[in-house]
$ cat coords-v2.cif   # mmCIF, C-alpha atoms; chains and numbers go by the auth columns
data_model
#
loop_
_atom_site.group_PDB
_atom_site.id
_atom_site.type_symbol
_atom_site.label_atom_id
_atom_site.label_comp_id
_atom_site.label_asym_id
_atom_site.label_seq_id
_atom_site.Cartn_x
_atom_site.Cartn_y
_atom_site.Cartn_z
_atom_site.B_iso_or_equiv
_atom_site.auth_seq_id
_atom_site.auth_asym_id
ATOM 1 C CA MET A 1 104.479 105.062 130.114 0.00 109 Y
ATOM 2 C CA SER A 2 103.323 103.730 126.726 0.00 110 Y
ATOM 3 C CA PHE A 3 100.250 102.109 128.321 0.00 111 Y
ATOM 4 C CA PHE A 4 99.025 105.419 129.801 0.00 112 Y
ATOM 5 C CA ARG A 5 99.594 107.251 126.515 0.00 113 Y
ATOM 6 C CA THR A 6 97.504 104.627 124.670 0.00 114 Y
ATOM 7 C CA LEU A 7 94.833 104.828 127.358 0.00 115 Y
ATOM 8 C CA GLY A 8 94.603 108.598 126.929 0.00 116 Y
ATOM 9 C CA LEU A 9 94.498 108.317 123.135 0.00 117 Y
ATOM 10 C CA ALA A 10 91.577 105.834 123.079 0.00 118 Y
ATOM 11 C CA PRO A 11 88.808 108.351 124.012 0.00 119 Y
ATOM 12 C CA VAL A 12 90.090 110.798 121.401 0.00 120 Y
ATOM 13 C CA LEU A 13 89.942 108.131 118.687 0.00 121 Y
ATOM 14 C CA LEU A 14 86.437 107.106 119.755 0.00 122 Y
ATOM 15 C CA LEU A 15 85.218 110.700 119.530 0.00 123 Y
ATOM 16 C CA LEU A 16 86.733 111.098 116.074 0.00 124 Y
ATOM 17 C CA ALA A 17 85.110 107.860 114.852 0.00 125 Y
ATOM 18 C CA ALA A 18 81.622 108.651 116.238 0.00 126 Y
ATOM 19 C CA PRO A 19 80.335 110.651 113.215 0.00 127 Y
ATOM 20 C CA ALA A 20 81.182 107.747 110.903 0.00 128 Y
ATOM 21 C CA ALA A 21 78.888 105.484 112.949 0.00 129 Y
ATOM 22 C CA LEU A 22 75.796 107.590 112.207 0.00 130 Y
ATOM 23 C CA ALA A 23 73.166 105.039 111.206 0.00 131 Y
ATOM 24 C CA GLN A 24 70.487 107.410 109.925 0.00 132 Y
ATOM 25 C CA VAL A 25 70.524 108.734 106.397 0.00 133 Y
ATOM 26 C CA ALA A 26 68.869 112.098 105.772 0.00 134 Y
ATOM 27 C CA THR A 27 66.789 111.603 102.620 0.00 135 Y
ATOM 28 C CA PRO A 28 63.607 113.418 101.656 0.00 136 Y
ATOM 29 C CA GLU A 29 61.786 110.249 100.519 0.00 137 Y
ATOM 30 C CA LEU A 30 59.158 108.682 102.741 0.00 138 Y
ATOM 31 C CA HIS A 31 59.735 105.038 103.540 0.00 139 Y
ATOM 32 C CA THR A 32 56.499 103.272 104.376 0.00 140 Y
ATOM 33 C CA ILE A 33 56.849 100.438 106.850 0.00 141 Y
ATOM 34 C CA THR A 34 55.003 97.397 105.563 0.00 142 Y
ATOM 35 C CA THR A 35 54.631 94.368 107.770 0.00 143 Y
ATOM 36 C CA ALA A 36 53.370 91.153 106.203 0.00 144 Y
ATOM 37 C CA VAL A 37 50.991 90.126 108.990 0.00 145 Y
ATOM 38 C CA PRO A 38 50.805 92.872 111.645 0.00 146 Y
ATOM 39 C CA ILE A 39 48.141 91.036 113.658 0.00 147 Y
ATOM 40 C CA LEU A 40 50.784 88.534 114.801 0.00 148 Y
ATOM 41 C CA THR A 41 52.794 91.273 116.519 0.00 149 Y
ATOM 42 C CA LEU A 42 49.958 92.156 118.934 0.00 150 Y
ATOM 43 C CA SER A 43 49.478 90.537 122.326 0.00 151 Y
ATOM 44 C CA PRO A 44 46.047 88.929 122.286 0.00 152 Y
ATOM 45 C CA ASP A 45 45.463 88.698 126.048 0.00 153 Y
ATOM 46 C CA ALA A 46 45.486 91.341 128.764 0.00 154 Y
ATOM 47 C CA ARG A 47 48.033 89.617 131.007 0.00 155 Y
ATOM 48 C CA GLY A 48 50.660 89.238 128.299 0.00 156 Y
ATOM 49 C CA ALA A 49 50.132 92.817 127.097 0.00 157 Y
ATOM 50 C CA ALA A 50 50.348 94.199 130.636 0.00 158 Y
ATOM 51 C CA LEU A 51 53.680 92.448 131.091 0.00 159 Y
ATOM 52 C CA GLY A 52 55.110 94.195 128.033 0.00 160 Y
ATOM 53 C CA ASP A 53 54.467 91.273 125.675 0.00 161 Y
ATOM 54 C CA ALA A 54 56.334 88.933 128.008 0.00 162 Y
ATOM 55 C CA GLY A 55 53.723 86.189 127.850 0.00 163 Y
ATOM 56 C CA VAL A 56 56.437 83.674 127.039 0.00 164 Y
ATOM 57 C CA ALA A 57 57.581 83.827 130.684 0.00 165 Y
ATOM 58 C CA THR A 58 54.166 83.409 132.338 0.00 166 Y
ATOM 59 C CA SER A 59 52.662 80.262 133.802 0.00 167 Y
ATOM 60 C CA PRO A 60 51.108 77.817 131.311 0.00 168 Y
ATOM 61 C CA ASP A 61 47.508 78.550 130.353 0.00 169 Y
ATOM 62 C CA ALA A 62 45.225 78.552 127.308 0.00 170 Y
ATOM 63 C CA ASN A 63 47.026 81.598 125.871 0.00 171 Y
ATOM 64 C CA GLY A 64 50.339 79.750 125.941 0.00 172 Y
ATOM 65 C CA ALA A 65 49.805 78.558 122.376 0.00 173 Y
ATOM 66 C CA PHE A 66 50.366 82.118 121.120 0.00 174 Y
ATOM 67 C CA TYR A 67 53.496 82.896 123.110 0.00 175 Y
ATOM 68 C CA ASN A 68 55.206 79.521 123.541 0.00 176 Y
ATOM 69 C CA PRO A 69 53.560 76.216 122.574 0.00 177 Y
ATOM 70 C CA GLY A 70 56.197 74.418 124.662 0.00 178 Y
ATOM 71 C CA LYS A 71 54.290 75.521 127.774 0.00 179 Y
ATOM 72 C CA LEU A 72 51.343 73.322 126.787 0.00 180 Y
ATOM 73 C CA GLY A 73 53.048 70.253 128.230 0.00 181 Y
ATOM 74 C CA PHE A 74 52.919 71.861 131.689 0.00 182 Y
ATOM 75 C CA VAL A 75 49.219 72.804 131.848 0.00 183 Y
ATOM 76 C CA ASP A 76 47.355 71.716 134.982 0.00 184 Y
ATOM 77 C CA TYR A 77 43.820 71.108 133.696 0.00 185 Y
ATOM 78 C CA LYS A 78 42.487 68.613 131.174 0.00 186 Y
ATOM 79 C CA TYR A 79 41.135 71.395 128.961 0.00 187 Y
ATOM 80 C CA ALA A 80 40.658 75.163 129.071 0.00 188 Y
ATOM 81 C CA LEU A 81 39.200 77.953 126.966 0.00 189 Y
ATOM 82 C CA SER A 82 40.199 81.621 127.014 0.00 190 Y
ATOM 83 C CA PRO A 83 38.233 84.387 125.251 0.00 191 Y
ATOM 84 C CA SER A 84 39.647 87.902 125.015 0.00 192 Y
ATOM 85 C CA TYR A 85 38.401 91.211 123.594 0.00 193 Y
ATOM 86 C CA SER A 86 40.444 94.405 123.461 0.00 194 Y
ATOM 87 C CA PRO A 87 39.226 97.718 122.082 0.00 195 Y
ATOM 88 C CA TRP A 88 42.109 99.060 120.022 0.00 196 Y
ATOM 89 C CA LEU A 89 43.149 102.740 120.126 0.00 197 Y
ATOM 90 C CA ARG A 90 39.896 103.616 121.920 0.00 198 Y
ATOM 91 C CA GLN A 91 41.041 107.211 122.556 0.00 199 Y
ATOM 92 C CA ILE A 92 41.330 107.782 118.796 0.00 200 Y
ATOM 93 C CA THR A 93 38.586 105.678 117.224 0.00 201 Y
ATOM 94 C CA ASP A 94 35.745 103.511 118.452 0.00 202 Y
ATOM 95 C CA ASP A 95 35.573 100.873 115.727 0.00 203 Y
ATOM 96 C CA MET A 96 38.920 99.058 116.028 0.00 204 Y
ATOM 97 C CA SER A 97 39.186 95.903 118.119 0.00 205 Y
ATOM 98 C CA LEU A 98 41.155 92.714 118.674 0.00 206 Y
ATOM 99 C CA SER A 99 39.257 89.529 119.538 0.00 207 Y
ATOM 100 C CA TYR A 100 40.964 86.288 120.510 0.00 208 Y
ATOM 101 C CA LEU A 101 39.730 82.823 121.387 0.00 209 Y
ATOM 102 C CA SER A 102 42.101 80.050 122.393 0.00 210 Y
ATOM 103 C CA GLY A 103 41.841 76.690 124.038 0.00 211 Y
ATOM 104 C CA TYR A 104 43.716 73.489 124.669 0.00 212 Y
ATOM 105 C CA GLY A 105 43.087 69.852 125.494 0.00 213 Y
ATOM 106 C CA LYS A 106 45.554 67.506 127.175 0.00 214 Y
ATOM 107 C CA ILE A 107 46.690 64.418 125.337 0.00 215 Y
ATOM 108 C CA GLY A 108 47.980 62.010 127.942 0.00 216 Y
ATOM 109 C CA GLU A 109 50.048 63.223 130.885 0.00 217 Y
ATOM 110 C CA ARG A 110 52.824 64.998 129.000 0.00 218 Y
ATOM 111 C CA GLY A 111 51.249 66.692 125.964 0.00 219 Y
ATOM 112 C CA ALA A 112 48.489 69.035 124.882 0.00 220 Y
ATOM 113 C CA ILE A 113 47.094 70.333 121.616 0.00 221 Y
ATOM 114 C CA ALA A 114 45.819 73.889 121.277 0.00 222 Y
ATOM 115 C CA ALA A 115 43.954 75.986 118.735 0.00 223 Y
ATOM 116 C CA SER A 116 43.330 79.703 118.555 0.00 224 Y
ATOM 117 C CA LEU A 117 41.523 82.233 116.402 0.00 225 Y
ATOM 118 C CA MET A 118 42.497 85.898 116.336 0.00 226 Y
ATOM 119 C CA TYR A 119 40.358 88.570 114.656 0.00 227 Y
ATOM 120 C CA PHE A 120 41.515 92.157 114.219 0.00 228 Y
ATOM 121 C CA SER A 121 39.070 94.740 112.883 0.00 229 Y
ATOM 122 C CA LEU A 122 40.780 97.907 111.705 0.00 230 Y
ATOM 123 C CA GLY A 123 37.518 99.871 111.583 0.00 231 Y
ATOM 124 C CA GLN A 124 36.172 101.865 108.683 0.00 232 Y
ATOM 125 C CA ILE A 125 38.669 103.673 106.493 0.00 233 Y
ATOM 126 C CA ASP A 126 37.285 106.444 104.304 0.00 234 Y
ATOM 127 C CA TYR A 127 39.093 107.039 101.029 0.00 235 Y
ATOM 128 C CA ARG A 128 39.580 110.539 99.653 0.00 236 Y
ATOM 129 C CA ASP A 129 40.720 111.704 96.237 0.00 237 Y
ATOM 130 C CA GLY A 130 43.260 114.426 95.446 0.00 238 Y
ATOM 131 C CA SER A 131 40.651 117.142 96.052 0.00 239 Y
ATOM 132 C CA ASN A 132 39.763 115.668 99.475 0.00 240 Y
ATOM 133 C CA LEU A 133 36.345 114.510 98.268 0.00 241 Y
ATOM 134 C CA PRO A 134 34.937 111.197 99.574 0.00 242 Y
ATOM 135 C CA ASN A 135 35.846 108.272 97.342 0.00 243 Y
ATOM 136 C CA GLY A 136 34.305 105.288 99.141 0.00 244 Y
ATOM 137 C CA SER A 137 35.139 103.394 102.290 0.00 245 Y
ATOM 138 C CA PHE A 138 36.679 100.092 103.284 0.00 246 Y
ATOM 139 C CA ASN A 139 36.562 97.973 106.440 0.00 247 Y
ATOM 140 C CA PRO A 140 39.758 95.861 106.577 0.00 248 Y
ATOM 141 C CA LYS A 141 39.926 92.798 108.803 0.00 249 Y
ATOM 142 C CA GLU A 142 42.689 90.349 109.638 0.00 250 Y
ATOM 143 C CA TYR A 143 42.334 86.748 110.780 0.00 251 Y
ATOM 144 C CA ALA A 144 44.849 84.277 112.152 0.00 252 Y
ATOM 145 C CA PHE A 145 44.092 80.651 112.976 0.00 253 Y
ATOM 146 C CA THR A 146 46.713 78.491 114.672 0.00 254 Y
ATOM 147 C CA VAL A 147 47.009 74.908 115.822 0.00 255 Y
ATOM 148 C CA SER A 148 49.912 73.888 118.029 0.00 256 Y
ATOM 149 C CA TYR A 149 51.168 70.993 120.085 0.00 257 Y
ATOM 150 C CA GLY A 150 53.408 71.040 123.124 0.00 258 Y
ATOM 151 C CA GLN A 151 54.956 68.188 125.060 0.00 259 Y
ATOM 152 C CA LYS A 152 56.728 67.998 128.387 0.00 260 Y
ATOM 153 C CA LEU A 153 60.198 66.611 127.666 0.00 261 Y
ATOM 154 C CA GLY A 154 61.708 67.096 131.104 0.00 262 Y
ATOM 155 C CA GLU A 155 60.899 68.579 134.491 0.00 263 Y
ATOM 156 C CA ASN A 156 61.604 72.131 133.265 0.00 264 Y
ATOM 157 C CA PHE A 157 61.833 71.596 129.517 0.00 265 Y
ATOM 158 C CA GLY A 158 58.979 71.454 127.034 0.00 266 Y
#

$ encode --input "coords-v2.cif" --output "structure tokens"
Amino acid sequence: MSFFRTLGLAPVLLLLAAPAALAQVATPELHTITTAVPILTLSPDARGAALGDAGVATSPDANGAFYNPGKLGFVDYKYALSPSYSPWLRQITDDMSLSYLSGYGKIGERGAIAASLMYFSLGQIDYRDGSNLPNGSFNPKEYAFTVSYGQKLGENFG
């Protein structure tokens, strides 16, 4: 009988404790989200982006250096090059884009070295003063250059 009483009391206790678990705090201040290097959170190739940024689980290719350098030990060809261009937020603006160039070269049978260059143009940003008058413009850009090495350590491990 005690077990069933405890079982019936558990949902009531959970409902009473739910308001205390509220994670949001209602404050009037604005909290700007600042990311150190936002370019590194974007998928540079169409296949990885179409898979919901799941490029880490795809077959090894020249873009593997971005997602998982361990895949480089499993590449099939001696070398490969992969260019990519993606217009960014094309429905909103026409001057933002992400360009990516990556490639690899095999070193022996079990390893490969790769390099990539990512360029993100955020377009032209027009500054305004407190009276909404033009106050100049700026064209921010971000670059990321990477070099990586991957080696096949086992049949399914790299």

$ resolve_selection --input "coords-v2.cif" --expression "the PyMOL selection byres ((chain Y and resi 249-257) around 7)" --output "VMD selection string"
chain Y and resid 147 173 177 220 to 230 247 to 248 258 to 259

$ residues_around --input "coords-v2.cif" --residues "Asp153 of chain Y" --least-positions-apart "6" --cutoff "12 Å" --atoms "all atoms listed in the file" --output "PyMOL selection string"
chain Y and resi 159-163+166+169-175+190-195+206-210+224+226

$ atom_distance --input "coords-v2.cif" --atom1 "atom CA of Tyr187 of chain Y" --atom2 "atom CA of Gly211 of chain Y"
7.3 Å

$ atom_distance --input "coords-v2.cif" --atom1 "atom CA of Asp234 of chain Y" --atom2 "atom CA of Leu148 of chain Y"
24.8 Å

$ atom_distance --input "coords-v2.cif" --atom1 "atom CA of Leu180 of chain Y" --atom2 "atom CA of Tyr212 of chain Y"
7.9 Å

$ closest_residue --input "coords-v2.cif" --among "Y:Gly181, Y:Gly231, Y:Phe246, Y:Leu189" --to "Met204 of chain Y" --atoms "all atoms listed in the file"
Y:Gly231

$ decode --input "coords-v2.cif" --residues "segment 197-245 of chain Y" --atoms "N, CA and C atoms" --output "mmCIF file, in the first residue's frame"
data_model
loop_
_atom_site.group_PDB
_atom_site.id
_atom_site.type_symbol
_atom_site.label_atom_id
_atom_site.label_comp_id
_atom_site.auth_asym_id
_atom_site.auth_seq_id
_atom_site.Cartn_x
_atom_site.Cartn_y
_atom_site.Cartn_z
ATOM 1 N N LEU Y 197 22.389 34.515 -46.834
ATOM 2 C CA LEU Y 197 21.176 35.308 -46.598
ATOM 3 C C LEU Y 197 20.749 36.061 -47.858
ATOM 4 N N ARG Y 198 20.719 35.362 -48.982
ATOM 5 C CA ARG Y 198 20.433 35.977 -50.282
ATOM 6 C C ARG Y 198 19.056 36.629 -50.336
ATOM 7 N N GLN Y 199 18.096 36.142 -49.565
ATOM 8 C CA GLN Y 199 16.754 36.737 -49.556
ATOM 9 C C GLN Y 199 16.751 38.106 -48.881
ATOM 10 N N ILE Y 200 17.759 38.373 -48.051
ATOM 11 C CA ILE Y 200 17.799 39.623 -47.291
ATOM 12 C C ILE Y 200 18.769 40.621 -47.908
ATOM 13 N N THR Y 201 19.944 40.158 -48.283
ATOM 14 C CA THR Y 201 20.970 41.040 -48.831
ATOM 15 C C THR Y 201 21.712 40.312 -49.945
ATOM 16 N N ASP Y 202 22.340 41.069 -50.820
ATOM 17 C CA ASP Y 202 23.018 40.429 -51.946
ATOM 18 C C ASP Y 202 24.537 40.556 -51.882
ATOM 19 N N ASP Y 203 25.078 41.031 -50.767
ATOM 20 C CA ASP Y 203 26.524 41.201 -50.710
ATOM 21 C C ASP Y 203 27.204 40.403 -49.593
ATOM 22 N N MET Y 204 26.543 39.382 -49.077
ATOM 23 C CA MET Y 204 27.163 38.497 -48.089
ATOM 24 C C MET Y 204 27.443 37.148 -48.744
ATOM 25 N N SER Y 205 28.621 36.588 -48.468
ATOM 26 C CA SER Y 205 28.948 35.293 -49.064
ATOM 27 C C SER Y 205 29.994 34.563 -48.231
ATOM 28 N N LEU Y 206 30.028 33.252 -48.424
ATOM 29 C CA LEU Y 206 31.008 32.384 -47.781
ATOM 30 C C LEU Y 206 31.741 31.627 -48.882
ATOM 31 N N SER Y 207 33.046 31.794 -48.952
ATOM 32 C CA SER Y 207 33.870 31.090 -49.933
ATOM 33 C C SER Y 207 34.813 30.155 -49.188
ATOM 34 N N TYR Y 208 35.045 28.983 -49.769
ATOM 35 C CA TYR Y 208 35.859 27.975 -49.096
ATOM 36 C C TYR Y 208 36.665 27.208 -50.130
ATOM 37 N N LEU Y 209 37.924 27.005 -49.842
ATOM 38 C CA LEU Y 209 38.798 26.218 -50.700
ATOM 39 C C LEU Y 209 39.572 25.259 -49.805
ATOM 40 N N SER Y 210 39.483 23.982 -50.107
ATOM 41 C CA SER Y 210 40.205 22.993 -49.307
ATOM 42 C C SER Y 210 40.808 21.938 -50.219
ATOM 43 N N GLY Y 211 41.841 21.318 -49.732
ATOM 44 C CA GLY Y 211 42.486 20.264 -50.494
ATOM 45 C C GLY Y 211 43.351 19.409 -49.596
ATOM 46 N N TYR Y 212 43.689 18.240 -50.094
ATOM 47 C CA TYR Y 212 44.547 17.338 -49.332
ATOM 48 C C TYR Y 212 45.514 16.635 -50.265
ATOM 49 N N GLY Y 213 46.554 16.082 -49.693
ATOM 50 C CA GLY Y 213 47.511 15.246 -50.401
ATOM 51 C C GLY Y 213 47.892 14.083 -49.506
ATOM 52 N N LYS Y 214 47.890 12.882 -50.069
ATOM 53 C CA LYS Y 214 48.233 11.693 -49.275
ATOM 54 C C LYS Y 214 49.730 11.659 -49.004
ATOM 55 N N ILE Y 215 50.046 11.202 -47.810
ATOM 56 C CA ILE Y 215 51.433 10.975 -47.418
ATOM 57 C C ILE Y 215 51.532 9.492 -47.077
ATOM 58 N N GLY Y 216 52.043 8.723 -47.986
ATOM 59 C CA GLY Y 216 52.099 7.277 -47.781
ATOM 60 C C GLY Y 216 50.724 6.656 -47.969
ATOM 61 N N GLU Y 217 50.549 5.462 -47.427
ATOM 62 C CA GLU Y 217 49.280 4.743 -47.569
ATOM 63 C C GLU Y 217 48.277 5.076 -46.477
ATOM 64 N N ARG Y 218 48.751 5.539 -45.325
ATOM 65 C CA ARG Y 218 47.871 5.671 -44.168
ATOM 66 C C ARG Y 218 47.603 7.104 -43.729
ATOM 67 N N GLY Y 219 48.244 8.102 -44.317
ATOM 68 C CA GLY Y 219 48.080 9.468 -43.835
ATOM 69 C C GLY Y 219 47.866 10.465 -44.951
ATOM 70 N N ALA Y 220 47.376 11.635 -44.573
ATOM 71 C CA ALA Y 220 47.174 12.722 -45.529
ATOM 72 C C ALA Y 220 47.261 14.044 -44.780
ATOM 73 N N ILE Y 221 47.731 15.056 -45.482
ATOM 74 C CA ILE Y 221 47.782 16.406 -44.933
ATOM 75 C C ILE Y 221 46.820 17.266 -45.743
ATOM 76 N N ALA Y 222 46.145 18.170 -45.066
ATOM 77 C CA ALA Y 222 45.143 19.009 -45.733
ATOM 78 C C ALA Y 222 45.327 20.463 -45.324
ATOM 79 N N ALA Y 223 44.864 21.348 -46.186
ATOM 80 C CA ALA Y 223 44.860 22.781 -45.899
ATOM 81 C C ALA Y 223 43.558 23.358 -46.430
ATOM 82 N N SER Y 224 43.088 24.395 -45.765
ATOM 83 C CA SER Y 224 41.854 25.037 -46.231
ATOM 84 C C SER Y 224 41.890 26.523 -45.922
ATOM 85 N N LEU Y 225 41.160 27.272 -46.726
ATOM 86 C CA LEU Y 225 41.013 28.711 -46.542
ATOM 87 C C LEU Y 225 39.535 29.038 -46.638
ATOM 88 N N MET Y 226 39.021 29.693 -45.612
ATOM 89 C CA MET Y 226 37.616 30.099 -45.585
ATOM 90 C C MET Y 226 37.564 31.620 -45.529
ATOM 91 N N TYR Y 227 36.687 32.204 -46.351
ATOM 92 C CA TYR Y 227 36.530 33.655 -46.425
ATOM 93 C C TYR Y 227 35.049 33.974 -46.303
ATOM 94 N N PHE Y 228 34.711 34.809 -45.352
ATOM 95 C CA PHE Y 228 33.315 35.188 -45.117
ATOM 96 C C PHE Y 228 33.208 36.697 -45.225
ATOM 97 N N SER Y 229 32.471 37.167 -46.222
ATOM 98 C CA SER Y 229 32.232 38.595 -46.403
ATOM 99 C C SER Y 229 30.862 38.931 -45.839
ATOM 100 N N LEU Y 230 30.820 39.826 -44.880
ATOM 101 C CA LEU Y 230 29.567 40.199 -44.243
ATOM 102 C C LEU Y 230 28.864 41.343 -44.961
ATOM 103 N N GLY Y 231 29.351 41.749 -46.120
ATOM 104 C CA GLY Y 231 28.702 42.805 -46.883
ATOM 105 C C GLY Y 231 29.003 44.179 -46.318
ATOM 106 N N GLN Y 232 28.333 45.161 -46.864
ATOM 107 C CA GLN Y 232 28.536 46.541 -46.421
ATOM 108 C C GLN Y 232 27.565 46.875 -45.296
ATOM 109 N N ILE Y 233 28.109 47.419 -44.229
ATOM 110 C CA ILE Y 233 27.296 47.841 -43.093
ATOM 111 C C ILE Y 233 27.364 49.357 -43.018
ATOM 112 N N ASP Y 234 26.229 50.000 -43.103
ATOM 113 C CA ASP Y 234 26.158 51.458 -43.023
ATOM 114 C C ASP Y 234 25.909 51.874 -41.583
ATOM 115 N N TYR Y 235 26.768 52.767 -41.090
ATOM 116 C CA TYR Y 235 26.606 53.279 -39.731
ATOM 117 C C TYR Y 235 25.681 54.485 -39.741
ATOM 118 N N ARG Y 236 24.932 54.628 -38.672
ATOM 119 C CA ARG Y 236 24.032 55.773 -38.492
ATOM 120 C C ARG Y 236 24.274 56.364 -37.111
ATOM 121 N N ASP Y 237 24.076 57.674 -36.989
ATOM 122 C CA ASP Y 237 24.207 58.295 -35.674
ATOM 123 C C ASP Y 237 22.857 58.303 -34.965
ATOM 124 N N GLY Y 238 22.784 58.981 -33.825
ATOM 125 C CA GLY Y 238 21.561 59.002 -33.031
ATOM 126 C C GLY Y 238 20.382 59.631 -33.741
ATOM 127 N N SER Y 239 20.645 60.492 -34.729
ATOM 128 C CA SER Y 239 19.571 61.137 -35.487
ATOM 129 C C SER Y 239 19.244 60.387 -36.766
ATOM 130 N N ASN Y 240 19.807 59.191 -36.933
ATOM 131 C CA ASN Y 240 19.600 58.338 -38.102
ATOM 132 C C ASN Y 240 20.194 58.934 -39.377
ATOM 133 N N LEU Y 241 21.242 59.731 -39.230
ATOM 134 C CA LEU Y 241 21.955 60.275 -40.381
ATOM 135 C C LEU Y 241 23.138 59.364 -40.701
ATOM 136 N N PRO Y 242 23.493 59.231 -41.991
ATOM 137 C CA PRO Y 242 24.619 58.362 -42.357
ATOM 138 C C PRO Y 242 25.907 58.801 -41.660
ATOM 139 N N ASN Y 243 26.667 57.823 -41.203
ATOM 140 C CA ASN Y 243 27.901 58.119 -40.478
ATOM 141 C C ASN Y 243 29.026 57.200 -40.964
ATOM 142 N N GLY Y 244 29.066 56.919 -42.253
ATOM 143 C CA GLY Y 244 30.101 56.072 -42.821
ATOM 144 C C GLY Y 244 29.636 54.640 -43.024
ATOM 145 N N SER Y 245 30.518 53.852 -43.604
ATOM 146 C CA SER Y 245 30.197 52.447 -43.845
ATOM 147 C C SER Y 245 31.437 51.596 -43.611
#
